Structure formats: C-alpha cells, structure tokens
Amino acid sequence: MTWLITGGAGYIGAHVVHALRAAGERALVYDDLSTGVPGRLPSDVELVVGSTLDGALLERTLAGRPVTGVVHLAAKKQVAESVERPLHYYRENVEGLRVLLDAVTRAGVRAFVFSSSAAVYGMPDVDLVTEDTPCVPMSPYGETKLAGEWLVRATGRATGLATASLRYFNVAGAGAPALADTGVSNLVPMVFERLASGDAPRIFGDDYPTPDGTCVRDYIHVADLAEAHVATAQRLAGAAPGTDLTLNIGRGVGVSVREMIDVIGRETGLDVPAVVQGRRAGDPARVVAAAGRVGAELGWSAKRDVADMVTSAWAARPRS
C-alpha cells in the first residue's frame, strides 16, 4: 500500500515514515513544516508542503498519487497553548481533520489511522486506564483529540473507511540522531535542556497520592510507537470496510517524574538534584495504560524501557 503521512516530517511522524518504509510500505509525506524538519525524511520520500485546512491541495495530492491509506499525525499539541488559544486548536485539529477526511473519502482511500492521545481521559481515578475508561478531557487539546475520534469513527460508519484511533501515552527517545525530538515540551527534553544549561531539573508538585509524591506516567519509546503504527496500518490494510479500532499505545508500566529524572541522571552522568515547584493546573496524579487490547488486536507490544528512551534521546539531543 501507499500511505500518506500527514505531519510526517515531525518528531513522531518521521519515525513512522521510516518504520513504514522498513516494513516495505510506500510513503508520501504531507506537512506544513511549522514544526517538521525535511531533513528527517529519507531522500526518496516525496514531501508535499501544505496545511490540512487546504482542501484543494489535499485533493490534488490524493488525485495524483495511488494513496490507499492515511496516517494522520498533523496537529497542534501543546496543552497550555490550547488553553490560551482554544479557537486555534479547534480550527487546526478538528476542522483540519474534517477537511482531510472529506478529501480522503472523495479519493476512495480505504484506511485511516488517527493520532489520538491519552489526554482524552483527563484525570482518571483508576490504576490502569483501559480503552473503556470514561473520557473527560481537561484541556481544549484533549477535547480536540476526543472530537477527532468521534469524527473519524462516524466517517468510517458512513463511508466504509476502515479506521483506528491510537491513544498515545508519553513518548520519548529517538530511533536515530537525525530523528531527535527538537522540542522542549516533553519531560525528557525539558530535563536535558535544564541540565545542559547547568540548572536543576524541575518537579511540579511532590504531594500527589503516589508512592513518591510525584506524578506517575506511562512512557513509550518513539520507535515502539512507530512500530505500533506499522502494525495498525497492516491490520487495516486487510480489514473489512467500516472496521473501527480504538487502542492505547503504552507499556502498561508507571514511572514517576522523580524516577524518570533519576534515570536521566544515571544514564547521562549528570545527576543534579531536582527542585520542587508548585503543581501545574490540570496534572493528574497517575495515568498509566492498560496495554492488553493492542496486543490482542495487533500482536504488538513495546520492547524498549525507560533507560533505552533516555540513552537514545541523549545521544540524539541537539547540540549548540
């Protein structure tokens, strides 16, 4: 199959492109390059520069190439920014998805993989979050991802498009130095930035109802996440029309913020004691995936641990 990957020049998207290519699939990238880096892509992968809000360009792109499936990763994803700019987030993430789905269904594309997020769950009061845990998102970003799932599912029911919504948990690591996370919005690159500048890592709140008082999260290596996309794409390629999957993509292992900072100190040799600051609004105490359904549906499970995430990210970190 030929897969169109929106946001394919981004941190996660480029890993997905490389993983699809390694699995023998053909790839085409569509990216507005607001955060994407063309140098992350294989030299023989075509890049179309454009917004998912540009329906005419999407239709031309799909009409001129034999695209049979789409992996949709293009989105705005900063929680705090979404609180400040909700209209922008709904326009980019929901309207952009609507425009894309309209073009996709007109072009007769058969399969659609949607990049969702554990942010759809909000602040679940459970030890492990299953796909059936009620979704109560706490930010406009999470709301747009949940609305996106609804839109993808409804489109599949109406048109026969085979769909999957993948709820990512906390992504870290790098599959290769050229594919590094160049942003500083996730915990691992945030800690790296502090250490590189000689500052202590920050912990936002140590009075949560967890074993060490800091938030507990499920971290997944970006290479494992990319391989989950390949497994999903291959599952949908042979699926019946209208197939709909909703899957957590995580390890099912909780790691606290303090534990992760300790791993970073140990693996980098920069063991600087963290400073504790006040809680950030909206941070749930614990969000850890139940990862059984994805294994049953796709035969996939994560292979890499947090030490792998930290060492690969450290080796690939941008240097000034």
# chains A, B, ... in the order shown; residues from 1 in each chain; ligands from 1
$ closest_atom_pairs --of "range 146-249 of chain A" --to "range 108-118 of chain A" --cutoff "10 Å" --atoms "only C-alpha atoms" --output "Markdown table"
| residue | atom | partner | partner_atom | distance |
| --- | --- | --- | --- | --- |
| A:Leu146 | CA | A:Ser116 | CA | 7.5 |
| A:Ala147 | CA | A:Ser116 | CA | 9.8 |
| A:Gly148 | CA | A:Ser116 | CA | 7.7 |
| A:Glu149 | CA | A:Ser116 | CA | 7.2 |
| A:Val152 | CA | A:Phe114 | CA | 7.6 |
| A:Arg153 | CA | A:Phe114 | CA | 10.0 |
| A:Gly156 | CA | A:Phe112 | CA | 8.8 |
| A:Thr159 | CA | A:Gly108 | CA | 9.5 |
| A:Gly160 | CA | A:Arg110 | CA | 7.8 |
| A:Leu161 | CA | A:Arg110 | CA | 5.3 |
| A:Ala162 | CA | A:Ala111 | CA | 4.7 |
| A:Thr163 | CA | A:Phe112 | CA | 4.8 |
| A:Ala164 | CA | A:Val113 | CA | 4.9 |
| A:Ser165 | CA | A:Phe114 | CA | 4.7 |
| A:Leu166 | CA | A:Ser116 | CA | 5.2 |
| A:Arg167 | CA | A:Ser117 | CA | 4.1 |
| A:Tyr168 | CA | A:Ser117 | CA | 4.6 |
| A:Phe169 | CA | A:Ala118 | CA | 5.3 |
| A:Asn170 | CA | A:Ala118 | CA | 8.3 |
| A:Asp218 | CA | A:Ala118 | CA | 9.8 |
| A:His229 | CA | A:Val113 | CA | 7.9 |
| A:Thr232 | CA | A:Val113 | CA | 7.5 |
| A:Ala233 | CA | A:Val113 | CA | 7.1 |
| A:Gln234 | CA | A:Ala111 | CA | 9.8 |
| A:Arg235 | CA | A:Ala111 | CA | 9.6 |
| A:Leu236 | CA | A:Ala111 | CA | 6.0 |
| A:Ala237 | CA | A:Ala111 | CA | 6.6 |
| A:Gly238 | CA | A:Ala111 | CA | 9.4 |
| A:Ala239 | CA | A:Ala111 | CA | 8.6 |
| A:Ala240 | CA | A:Arg110 | CA | 9.7 |
| A:Pro241 | CA | A:Arg110 | CA | 7.7 |
| A:Gly242 | CA | A:Ala111 | CA | 9.2 |
| A:Thr243 | CA | A:Ala111 | CA | 9.1 |
| A:Asp244 | CA | A:Phe112 | CA | 9.6 |
| A:Leu245 | CA | A:Val113 | CA | 9.2 |
| A:Thr246 | CA | A:Ser116 | CA | 9.2 |
| A:Leu247 | CA | A:Ser116 | CA | 9.4 |
| A:Asn248 | CA | A:Ala118 | CA | 7.7 |
| A:Ile249 | CA | A:Ala118 | CA | 8.8 |
$ residues_around --residues "Ala103 in chain A" --least-positions-apart "2" --cutoff "8 Å" --atoms "only C-alpha atoms" --output "list in words"
Gly55, Leu58, Glu59, Leu62, Val99, Leu100, Leu101, Thr105, Arg106 and Ala107 of chain A
$ residues_around --residues "Tyr90 in chain A" --least-positions-apart "3" --cutoff "9 Å" --atoms "only C-alpha atoms" --output "NGL selection string"
:A and (82 or 85-87 or 93-96 or 140-141 or 143-144)
$ write_last_selection --atoms "N, CA and C atoms" --output "PDB file, in the first residue's frame"
ATOM      1  N   SER A  82      -3.202  25.351  24.178  1.00  0.00           N
ATOM      2  CA  SER A  82      -4.597  25.101  23.810  1.00  0.00           C
ATOM      3  C   SER A  82      -5.560  25.810  24.750  1.00  0.00           C
ATOM      4  N   ARG A  85      -5.423  29.386  23.488  1.00  0.00           N
ATOM      5  CA  ARG A  85      -5.876  29.584  22.099  1.00  0.00           C
ATOM      6  C   ARG A  85      -6.820  28.459  21.672  1.00  0.00           C
ATOM      7  N   PRO A  86      -7.942  28.300  22.342  1.00  0.00           N
ATOM      8  CA  PRO A  86      -8.827  27.180  22.006  1.00  0.00           C
ATOM      9  C   PRO A  86      -9.363  27.236  20.582  1.00  0.00           C
ATOM     10  N   LEU A  87      -9.672  28.429  20.078  1.00  0.00           N
ATOM     11  CA  LEU A  87     -10.203  28.520  18.719  1.00  0.00           C
ATOM     12  C   LEU A  87      -9.178  28.042  17.693  1.00  0.00           C
ATOM     13  N   ASN A  93      -7.035  21.285  14.624  1.00  0.00           N
ATOM     14  CA  ASN A  93      -7.139  19.862  14.933  1.00  0.00           C
ATOM     15  C   ASN A  93      -8.465  19.236  14.513  1.00  0.00           C
ATOM     16  N   VAL A  94      -9.554  19.982  14.601  1.00  0.00           N
ATOM     17  CA  VAL A  94     -10.858  19.410  14.258  1.00  0.00           C
ATOM     18  C   VAL A  94     -11.261  19.780  12.831  1.00  0.00           C
ATOM     19  N   GLU A  95     -11.225  21.066  12.504  1.00  0.00           N
ATOM     20  CA  GLU A  95     -11.574  21.464  11.141  1.00  0.00           C
ATOM     21  C   GLU A  95     -10.558  20.909  10.140  1.00  0.00           C
ATOM     22  N   GLY A  96      -9.271  20.909  10.516  1.00  0.00           N
ATOM     23  CA  GLY A  96      -8.258  20.326   9.631  1.00  0.00           C
ATOM     24  C   GLY A  96      -8.531  18.848   9.374  1.00  0.00           C
ATOM     25  N   PRO A 140      -8.546  22.024  26.053  1.00  0.00           N
ATOM     26  CA  PRO A 140      -9.010  22.068  24.663  1.00  0.00           C
ATOM     27  C   PRO A 140      -8.243  21.098  23.768  1.00  0.00           C
ATOM     28  N   TYR A 141      -6.942  20.901  24.023  1.00  0.00           N
ATOM     29  CA  TYR A 141      -6.188  19.920  23.242  1.00  0.00           C
ATOM     30  C   TYR A 141      -6.820  18.536  23.359  1.00  0.00           C
ATOM     31  N   GLU A 143      -9.806  17.796  24.269  1.00  0.00           N
ATOM     32  CA  GLU A 143     -11.142  17.833  23.670  1.00  0.00           C
ATOM     33  C   GLU A 143     -11.063  17.650  22.153  1.00  0.00           C
ATOM     34  N   THR A 144     -10.078  18.302  21.517  1.00  0.00           N
ATOM     35  CA  THR A 144      -9.975  18.181  20.060  1.00  0.00           C
ATOM     36  C   THR A 144      -9.617  16.761  19.653  1.00  0.00           C
TER      37      THR A 144
END
$ residues_around --residues "Val188 in chain A" --least-positions-apart "6" --cutoff "9 Å" --atoms "only C-alpha atoms" --output "ChimeraX atom specification"
/A:172-173,260-261,264,309-310,313-314
$ closest_residue --among "A:Ser185, A:Ser301, A:Ser256, A:Thr133" --to "Tyr208 in chain A" --atoms "only C-alpha atoms"
A:Ser256
$ atom_distance --atom1 "CA of Val45 in chain A" --atom2 "CA of Ala27 in chain A"
6.5 Å
$ select_by_dssp --residues "range 113-177 of chain A" --states "strand (DSSP E or B)" --output "MDAnalysis selection string"
chainID A and resid 113:117 129 162:168 170:172
$ closest_residue --among "A:Thr35, A:Thr214, A:Ser312, A:Thr2" --to "Ala23 in chain A" --atoms "only C-alpha atoms"
A:Thr2
$ select_by_dssp --residues "range 76-235 of chain A" --states "alpha helix (DSSP H)" --output "count of residues only"
66
$ closest_residue --among "A:Val288, A:Leu151, A:Ala281, A:Val230" --to "Phe204 in chain A" --atoms "only C-alpha atoms"
A:Ala281
$ closest_atom_pairs --of "range 32-57 of chain A" --to "range 178-184 of chain A" --cutoff "12 Å" --atoms "only C-alpha atoms" --output "tab-separated table"
residue	atom	partner	partner_atom	distance
A:Ser34	CA	A:Gly183	CA	12.0
A:Thr35	CA	A:Gly183	CA	8.6
A:Gly36	CA	A:Thr182	CA	9.7
A:Val37	CA	A:Leu179	CA	9.1
A:Pro38	CA	A:Leu179	CA	10.5
A:Gly39	CA	A:Ala178	CA	7.6
A:Arg40	CA	A:Leu179	CA	5.6
A:Leu41	CA	A:Leu179	CA	8.6
A:Pro42	CA	A:Ala178	CA	10.5
$ residues_around --residues "Val275 in chain A" --least-positions-apart "3" --cutoff "8 Å" --atoms "only C-alpha atoms" --output "ChimeraX atom specification"
/A:200-203
$ atom_distance --atom1 "CA of Glu227 in chain A" --atom2 "CA of Glu297 in chain A"
14.0 Å
$ closest_residue --among "A:Asp305, A:Leu187, A:Thr68, A:Gly252" --to "Val129 in chain A" --atoms "only C-alpha atoms"
A:Gly252
$ closest_residue --among "A:Val48, A:Leu195, A:Ala302, A:Ile220" --to "Ile12 in chain A" --atoms "only C-alpha atoms"
A:Ile220
$ atom_distance --atom1 "CA of His88 in chain A" --atom2 "CA of Asp32 in chain A"
15.4 Å
$ closest_residue --among "A:Asp102, A:Glu46, A:Asp31, A:Glu259" --to "Pro211 in chain A" --atoms "only C-alpha atoms"
A:Glu259
$ decode --residues "range 181-216 of chain A" --atoms "N, CA, C and O atoms" --output "PDB file, in the first residue's frame"
ATOM      1  N   ASP A 181      13.889  14.548  18.968  1.00  0.00           N
ATOM      2  CA  ASP A 181      12.847  15.487  19.386  1.00  0.00           C
ATOM      3  C   ASP A 181      13.514  16.829  19.641  1.00  0.00           C
ATOM      4  O   ASP A 181      14.257  16.992  20.615  1.00  0.00           O
ATOM      5  N   THR A 182      13.263  17.798  18.776  1.00  0.00           N
ATOM      6  CA  THR A 182      13.908  19.102  18.899  1.00  0.00           C
ATOM      7  C   THR A 182      13.091  20.077  19.746  1.00  0.00           C
ATOM      8  O   THR A 182      13.530  21.190  20.008  1.00  0.00           O
ATOM      9  N   GLY A 183      11.901  19.649  20.187  1.00  0.00           N
ATOM     10  CA  GLY A 183      11.085  20.497  21.052  1.00  0.00           C
ATOM     11  C   GLY A 183      11.480  20.322  22.510  1.00  0.00           C
ATOM     12  O   GLY A 183      12.287  19.454  22.861  1.00  0.00           O
ATOM     13  N   VAL A 184      10.909  21.135  23.365  1.00  0.00           N
ATOM     14  CA  VAL A 184      11.207  21.030  24.798  1.00  0.00           C
ATOM     15  C   VAL A 184       9.901  21.028  25.598  1.00  0.00           C
ATOM     16  O   VAL A 184       9.826  21.566  26.702  1.00  0.00           O
ATOM     17  N   SER A 185       8.884  20.388  25.053  1.00  0.00           N
ATOM     18  CA  SER A 185       7.601  20.352  25.756  1.00  0.00           C
ATOM     19  C   SER A 185       7.382  19.047  26.505  1.00  0.00           C
ATOM     20  O   SER A 185       6.490  18.961  27.347  1.00  0.00           O
ATOM     21  N   ASN A 186       8.177  18.012  26.205  1.00  0.00           N
ATOM     22  CA  ASN A 186       8.064  16.736  26.899  1.00  0.00           C
ATOM     23  C   ASN A 186       9.108  16.637  27.999  1.00  0.00           C
ATOM     24  O   ASN A 186      10.132  17.324  27.973  1.00  0.00           O
ATOM     25  N   LEU A 187       8.873  15.754  28.983  1.00  0.00           N
ATOM     26  CA  LEU A 187       9.707  15.721  30.182  1.00  0.00           C
ATOM     27  C   LEU A 187      11.184  15.498  29.876  1.00  0.00           C
ATOM     28  O   LEU A 187      12.050  16.228  30.376  1.00  0.00           O
ATOM     29  N   VAL A 188      11.511  14.505  29.053  1.00  0.00           N
ATOM     30  CA  VAL A 188      12.916  14.166  28.837  1.00  0.00           C
ATOM     31  C   VAL A 188      13.683  15.325  28.200  1.00  0.00           C
ATOM     32  O   VAL A 188      14.724  15.743  28.738  1.00  0.00           O
ATOM     33  N   PRO A 189      13.240  15.909  27.083  1.00  0.00           N
ATOM     34  CA  PRO A 189      13.993  17.058  26.549  1.00  0.00           C
ATOM     35  C   PRO A 189      13.965  18.272  27.474  1.00  0.00           C
ATOM     36  O   PRO A 189      14.925  19.058  27.489  1.00  0.00           O
ATOM     37  N   MET A 190      12.896  18.420  28.277  1.00  0.00           N
ATOM     38  CA  MET A 190      12.875  19.524  29.241  1.00  0.00           C
ATOM     39  C   MET A 190      13.980  19.362  30.270  1.00  0.00           C
ATOM     40  O   MET A 190      14.683  20.329  30.614  1.00  0.00           O
ATOM     41  N   VAL A 191      14.168  18.148  30.764  1.00  0.00           N
ATOM     42  CA  VAL A 191      15.234  17.898  31.745  1.00  0.00           C
ATOM     43  C   VAL A 191      16.596  18.074  31.082  1.00  0.00           C
ATOM     44  O   VAL A 191      17.517  18.668  31.665  1.00  0.00           O
ATOM     45  N   PHE A 192      16.751  17.557  29.866  1.00  0.00           N
ATOM     46  CA  PHE A 192      18.012  17.742  29.146  1.00  0.00           C
ATOM     47  C   PHE A 192      18.367  19.218  29.033  1.00  0.00           C
ATOM     48  O   PHE A 192      19.527  19.615  29.236  1.00  0.00           O
ATOM     49  N   GLU A 193      17.390  20.052  28.673  1.00  0.00           N
ATOM     50  CA  GLU A 193      17.645  21.479  28.499  1.00  0.00           C
ATOM     51  C   GLU A 193      18.128  22.099  29.801  1.00  0.00           C
ATOM     52  O   GLU A 193      19.069  22.903  29.811  1.00  0.00           O
ATOM     53  N   ARG A 194      17.489  21.723  30.912  1.00  0.00           N
ATOM     54  CA  ARG A 194      17.909  22.256  32.215  1.00  0.00           C
ATOM     55  C   ARG A 194      19.342  21.815  32.547  1.00  0.00           C
ATOM     56  O   ARG A 194      20.168  22.630  32.977  1.00  0.00           O
ATOM     57  N   LEU A 195      19.629  20.539  32.348  1.00  0.00           N
ATOM     58  CA  LEU A 195      20.959  20.033  32.679  1.00  0.00           C
ATOM     59  C   LEU A 195      22.031  20.678  31.809  1.00  0.00           C
ATOM     60  O   LEU A 195      23.112  21.025  32.289  1.00  0.00           O
ATOM     61  N   ALA A 196      21.734  20.845  30.524  1.00  0.00           N
ATOM     62  CA  ALA A 196      22.712  21.429  29.605  1.00  0.00           C
ATOM     63  C   ALA A 196      23.051  22.870  29.957  1.00  0.00           C
ATOM     64  O   ALA A 196      24.162  23.344  29.696  1.00  0.00           O
ATOM     65  N   SER A 197      22.091  23.566  30.562  1.00  0.00           N
ATOM     66  CA  SER A 197      22.331  24.959  30.941  1.00  0.00           C
ATOM     67  C   SER A 197      22.831  25.087  32.383  1.00  0.00           C
ATOM     68  O   SER A 197      22.985  26.204  32.881  1.00  0.00           O
ATOM     69  N   GLY A 198      23.068  23.954  33.029  1.00  0.00           N
ATOM     70  CA  GLY A 198      23.581  23.978  34.403  1.00  0.00           C
ATOM     71  C   GLY A 198      22.526  24.202  35.462  1.00  0.00           C
ATOM     72  O   GLY A 198      22.854  24.469  36.619  1.00  0.00           O
ATOM     73  N   ASP A 199      21.266  24.090  35.086  1.00  0.00           N
ATOM     74  CA  ASP A 199      20.165  24.291  36.029  1.00  0.00           C
ATOM     75  C   ASP A 199      19.632  22.954  36.533  1.00  0.00           C
ATOM     76  O   ASP A 199      19.756  21.914  35.869  1.00  0.00           O
ATOM     77  N   ALA A 200      18.999  22.981  37.673  1.00  0.00           N
ATOM     78  CA  ALA A 200      18.412  21.769  38.241  1.00  0.00           C
ATOM     79  C   ALA A 200      17.108  21.441  37.533  1.00  0.00           C
ATOM     80  O   ALA A 200      16.329  22.341  37.195  1.00  0.00           O
ATOM     81  N   PRO A 201      16.848  20.152  37.295  1.00  0.00           N
ATOM     82  CA  PRO A 201      15.536  19.768  36.754  1.00  0.00           C
ATOM     83  C   PRO A 201      14.423  20.185  37.709  1.00  0.00           C
ATOM     84  O   PRO A 201      14.636  20.278  38.927  1.00  0.00           O
ATOM     85  N   ARG A 202      13.238  20.421  37.160  1.00  0.00           N
ATOM     86  CA  ARG A 202      12.107  20.865  37.976  1.00  0.00           C
ATOM     87  C   ARG A 202      11.057  19.766  38.096  1.00  0.00           C
ATOM     88  O   ARG A 202      10.772  19.063  37.130  1.00  0.00           O
ATOM     89  N   ILE A 203      10.509  19.645  39.287  1.00  0.00           N
ATOM     90  CA  ILE A 203       9.375  18.762  39.542  1.00  0.00           C
ATOM     91  C   ILE A 203       8.203  19.641  39.943  1.00  0.00           C
ATOM     92  O   ILE A 203       8.307  20.445  40.875  1.00  0.00           O
ATOM     93  N   PHE A 204       7.107  19.513  39.226  1.00  0.00           N
ATOM     94  CA  PHE A 204       5.931  20.333  39.517  1.00  0.00           C
ATOM     95  C   PHE A 204       4.993  19.565  40.452  1.00  0.00           C
ATOM     96  O   PHE A 204       4.103  18.855  40.020  1.00  0.00           O
ATOM     97  N   GLY A 205       5.260  19.703  41.734  1.00  0.00           N
ATOM     98  CA  GLY A 205       4.427  19.081  42.756  1.00  0.00           C
ATOM     99  C   GLY A 205       4.972  17.747  43.217  1.00  0.00           C
ATOM    100  O   GLY A 205       5.243  16.866  42.400  1.00  0.00           O
ATOM    101  N   ASP A 206       5.152  17.601  44.535  1.00  0.00           N
ATOM    102  CA  ASP A 206       5.582  16.314  45.103  1.00  0.00           C
ATOM    103  C   ASP A 206       4.650  15.875  46.231  1.00  0.00           C
ATOM    104  O   ASP A 206       5.047  15.145  47.133  1.00  0.00           O
ATOM    105  N   ASP A 207       3.383  16.329  46.138  1.00  0.00           N
ATOM    106  CA  ASP A 207       2.397  15.992  47.171  1.00  0.00           C
ATOM    107  C   ASP A 207       1.193  15.252  46.578  1.00  0.00           C
ATOM    108  O   ASP A 207       0.090  15.314  47.113  1.00  0.00           O
ATOM    109  N   TYR A 208       1.422  14.553  45.474  1.00  0.00           N
ATOM    110  CA  TYR A 208       0.359  13.757  44.868  1.00  0.00           C
ATOM    111  C   TYR A 208       0.209  12.421  45.610  1.00  0.00           C
ATOM    112  O   TYR A 208       1.166  11.950  46.259  1.00  0.00           O
ATOM    113  N   PRO A 209      -0.944  11.782  45.526  1.00  0.00           N
ATOM    114  CA  PRO A 209      -1.149  10.488  46.185  1.00  0.00           C
ATOM    115  C   PRO A 209      -0.501   9.346  45.403  1.00  0.00           C
ATOM    116  O   PRO A 209      -1.160   8.428  44.890  1.00  0.00           O
ATOM    117  N   THR A 210       0.825   9.411  45.288  1.00  0.00           N
ATOM    118  CA  THR A 210       1.620   8.388  44.602  1.00  0.00           C
ATOM    119  C   THR A 210       2.758   7.981  45.540  1.00  0.00           C
ATOM    120  O   THR A 210       3.013   8.667  46.532  1.00  0.00           O
ATOM    121  N   PRO A 211       3.457   6.886  45.258  1.00  0.00           N
ATOM    122  CA  PRO A 211       4.488   6.417  46.198  1.00  0.00           C
ATOM    123  C   PRO A 211       5.544   7.445  46.579  1.00  0.00           C
ATOM    124  O   PRO A 211       5.971   7.506  47.730  1.00  0.00           O
ATOM    125  N   ASP A 212       6.001   8.281  45.623  1.00  0.00           N
ATOM    126  CA  ASP A 212       6.999   9.290  45.986  1.00  0.00           C
ATOM    127  C   ASP A 212       6.452  10.718  45.914  1.00  0.00           C
ATOM    128  O   ASP A 212       7.195  11.685  46.002  1.00  0.00           O
ATOM    129  N   GLY A 213       5.141  10.848  45.726  1.00  0.00           N
ATOM    130  CA  GLY A 213       4.514  12.162  45.722  1.00  0.00           C
ATOM    131  C   GLY A 213       4.524  12.878  44.394  1.00  0.00           C
ATOM    132  O   GLY A 213       3.901  13.942  44.255  1.00  0.00           O
ATOM    133  N   THR A 214       5.212  12.323  43.376  1.00  0.00           N
ATOM    134  CA  THR A 214       5.249  12.975  42.068  1.00  0.00           C
ATOM    135  C   THR A 214       4.355  12.211  41.084  1.00  0.00           C
ATOM    136  O   THR A 214       4.024  11.047  41.288  1.00  0.00           O
ATOM    137  N   CYS A 215       3.969  12.894  40.022  1.00  0.00           N
ATOM    138  CA  CYS A 215       3.043  12.300  39.050  1.00  0.00           C
ATOM    139  C   CYS A 215       3.631  11.045  38.417  1.00  0.00           C
ATOM    140  O   CYS A 215       4.839  10.969  38.162  1.00  0.00           O
ATOM    141  N   VAL A 216       2.776  10.089  38.153  1.00  0.00           N
ATOM    142  CA  VAL A 216       3.172   8.828  37.526  1.00  0.00           C
ATOM    143  C   VAL A 216       2.605   8.773  36.118  1.00  0.00           C
ATOM    144  O   VAL A 216       1.418   9.035  35.897  1.00  0.00           O
TER     145      VAL A 216
END
